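Have a look at the structure below before the remarks.
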Amino acid sequence: MRRGPASRKLKQGALSLAANSRSAFILALALAGPLAACAPTSNKGETVLTFSGSALGAEGTLVAKQLKRFMELNPGVRVELQRTPDDASQRHQLYVQWLNARVGNPSILQLDVVWTPEFAAAGWVLPLDRYGPPRAEFFPATITANTWAGKLYALPWFADVGLLYRRTDLVPNEPKTLEEMVTDAQAAMSRRGGPRYGIVWQGARYEGLITGFVEYLGAFGGRIIDDKGEVVVNRPEAVRALEFMRDELYKTNVAPLDVLTWHEEEARFAFQNGNAVFMRNWPYPVAAMSDTAQSKVAGKFAVSPMPASGAAPSGHSTAALGGAQLAINAYTDHPDAAYKLIAYLTAPEQMLERAQAVGQYPTRPALYNDARLRSAIAIPLENARRAIESATPRPVTPIYTELSEILQIELHRALVRQVEPREALNSAAARINALIERTGMRKLMSGAAKESAP
Amino acid sequence: MRKISRLGHEARIGWSLVAPALAVIALIAIFPLGWTFWESLHLDELRMPWLGKPFVGLANYIEIAKDPRFWAALGHTAFFTVVSISLELVIGLFLALAMNRVFRGRGFVRAAVLVPWAIPTVVAALLWRFIFESQGGIANALLVDAGILKQPMVWFIQTSTAWVPVILADVWKTTPFVALLLLAGLQNIDLTLYEAAAVDGANAWWQLRHITLPLLKPAILVTLIFRTLDGFRVFDLIYVLTGGGPGTSTEPVALYTFNALLQNLRFGYGSALSVVIFAITFGLALLYVRGLGVRLGGEES
């Protein structure tokens, strides 16, 4: 009798167990996950792919529909949906554990925008260049974020960008600079019956704090790591950006101290209940806030890109880039079929359908000229497009997660006034440099630079 | 000669009888510990396979010793343990003394007092977070109404005030457990001692100092062991309430270890941290057990 793929997988797992001699804990997770999730029984000659991606609610229905269509177009291929946690850090942890055990499922991985270099440097995802992906058809920032050592490792599936929400009844015109935003906020707050808060953002000690900081940083012309790989997060521009954020809390008093414990949802509640003039957030709240049943600001808000500082000549309007990417598991037996599926899901038609079903932004600029997208995205297409064009990836490096942890801590320390901004950023820079040394990144990055030179 | 071999024989039977138990202990305690220790001597970063998995000797331990964040975390843990346990012991003793009296509904009160202890820590932590969260939270409303605060404050952005909900939550949740342990101790005290003392004219305070407290010492020590070890491993409460913040100023060692091990997936370094925590709690346990043994011995003589 022929052994099914399930038993084969078990054997592979057991072999990799012996080979890697990882801790029993990881193995238990690594093996139990994919085995419990799916034991594909394939007909002879059929290629079985496993797809793991956001699969809750409307998104799940949409994915199922698109996968079904893909299978109809490719009769030899069957795609099974493998459920993974929707929470990004949980999914990340699972992926890392499975890939350490060299598990080939899921064959297609859904990566957060900051994971691609990490997975690429680890050799866990395959470079896509040999399939001739249509790089030029995507927003450049989304391609940069998925490129490591000169090679493209994932295709952007949908984009998330940081946006500035504004109460149009209080501030009719989009502020052109950060400084103008603050004075607009102050003016609106001091009106009779004006909102309690000027601007709300995400200031808790987590990844969201970095995305906000990246936007202020760009607005003042600063960077975290420059093109040569030098850590520049303690340069004067960066210090001024952090000081500006801190002044919003303690000097210009437009942001409530509460934001230092807030994530996206707390900011949304405040804005949606009419308590704030401005809000920094992702596109997702637009739908809920346009619903008069639950929102006090329906029809009274607009969305635009975050402005640049008027006082920094090198500053530019900057949005943090988020979103999901699709990549091929390096241990899959069917990389070609996997690419076919990725290409299908990131094709214009599927992207448009995705925007219409769940409101997620396409990563292809051409679609922003398509009238069908207008009704799908609740804000003017021009604003959405401008925001994505001003999007900047967070540092594209395999050690991003630890780098981010260092920055989160130091930024938070400065914002709660445990230390001065300059001191916090100096300490962050020193610790990031130490991290680069410890992880051998210096060597890896110079190697990467050489490889990327044609 | 014969006697010795007989003893040897008995010893063999003895060993073979405890062998299964020893095997289980080895399997669930010693083996993982040994593995963790072995792992702690390696560089093993799950996210950075390009570094390989070289043997690095004590490098991880040296990194721990040089890391200010670790020492700070150790300080936070000690602070949390000492403050919360002191409060729990004092309040728990009062509760135990009250519950030890004979009154109507005593059984009901004893059961009711245990409710906070029965609530899962994460749920309790979320509850307390809800109370202290945001300027419009319950704690702020009560304190402003009572005139204690002039205006609502954000509790979680200053180190000193961030500790308040953490310690309150722990005291609220664990005092019942402490009270119950002490109550058990109280019930072991022979009531005739009090009768004799009363006949001799001793007042309540004298009885407490010279009868209750000395005879309660074993129970207090048992409580201290449990609570110190718990306090030292505190994780879920702080994870939910402050996340170790603001900055890392309320981060305990367990949270720091969790971070290294499961967030950053630094298995070598994280294992070294686990070994250090193990060594500390083991040392504390030894200290207490020894203290307890001496006291018990003293009592018997």
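Convention: chains lettered A, B, ... in structure tokens order; per-chain residue numbering from 1; ligands numbered from 1 as shown.
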
| task | Return as a ChimeraX atom specification the full set of residues in stretch 42-243 of chain B whose backbone-based DSSP assignment is alpha helix (DSSP H). | result | /B:59-66,68-100,106-113,115-118,121-132,138-145,159-187,191-199,204-207,213-232,236-241

Kindly provide the residues of chain B that approach chain A to within 8 Å, each paired with its closest atom pair and their distance in Å to one decimal, based on only C-alpha atoms, listed by chain and increasing number, as a Markdown table.
```
| residue | atom | partner | partner_atom | distance |
| --- | --- | --- | --- | --- |
| B:Leu46 | CA | A:Asn100 | CA | 6.9 |
| B:Arg47 | CA | A:Val96 | CA | 6.9 |
| B:Met48 | CA | A:Ala122 | CA | 6.0 |
| B:Pro49 | CA | A:Ala122 | CA | 5.6 |
| B:Trp50 | CA | A:Ala122 | CA | 6.4 |
| B:Leu51 | CA | A:Thr439 | CA | 7.3 |
| B:Ser134 | CA | A:Asp258 | CA | 6.1 |
| B:Gln135 | CA | A:Asp258 | CA | 7.1 |
| B:Val154 | CA | A:Asp258 | CA | 6.2 |
| B:Phe156 | CA | A:Thr261 | CA | 7.1 |
| B:Ile157 | CA | A:Val416 | CA | 5.9 |
| B:Gln158 | CA | A:Val416 | CA | 7.0 |
| B:Gly245 | CA | A:Arg205 | CA | 7.4 |
| B:Pro246 | CA | A:Arg413 | CA | 6.7 |
| B:Gly247 | CA | A:Arg413 | CA | 4.7 |
| B:Thr248 | CA | A:Ile409 | CA | 6.7 |
| B:Leu262 | CA | A:Gln93 | CA | 7.7 |
| B:Gln263 | CA | A:Gln93 | CA | 7.6 |
| B:Asn264 | CA | A:Glu402 | CA | 6.6 |
```

| said: Can you tell me which residues surround A:Ser309 at a distance of at most 8 Å, considering only C-alpha atoms, apart from same-chain residues fewer than 4 positions away, and format the answer as a PyMOL selection string? | reply: chain A and resi 177-179+219-220+315-317

| Between B:Ala118, B:Val18, B:Val199, B:Val234, which one has atoms that come closest to B:Thr257, using only C-alpha atoms? | B:Val234

| query | Which residues come within 8 Å of stretch 76-80 of chain B, counting only C-alpha atoms, excluding same-chain residues fewer than 5 positions away, as a ChimeraX atom specification? | reply | /B:167,231-232,234,249-253

| task | Would you mind listing what lies within 8 Å of B:Phe37 as an MDAnalysis selection string, with only C-alpha atoms counted and same-chain residues fewer than 3 positions away left out? | result | chainID B and resid 33:34 40:41 271:272 275

| query | Which residues come within 10 Å of B:Leu193, counting only C-alpha atoms, excluding same-chain residues fewer than 5 positions away, as a ChimeraX atom specification? | reply | /B:198-199,207,211-212

| task | May I ask for the distance between atom CA of B:Phe278 and atom CA of B:Val178, given in Å to one decimal place? | result |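 Computing the Euclidean distance for atom CA of B:Phe278 and atom CA of B:Val178 yields 23.7 Å.
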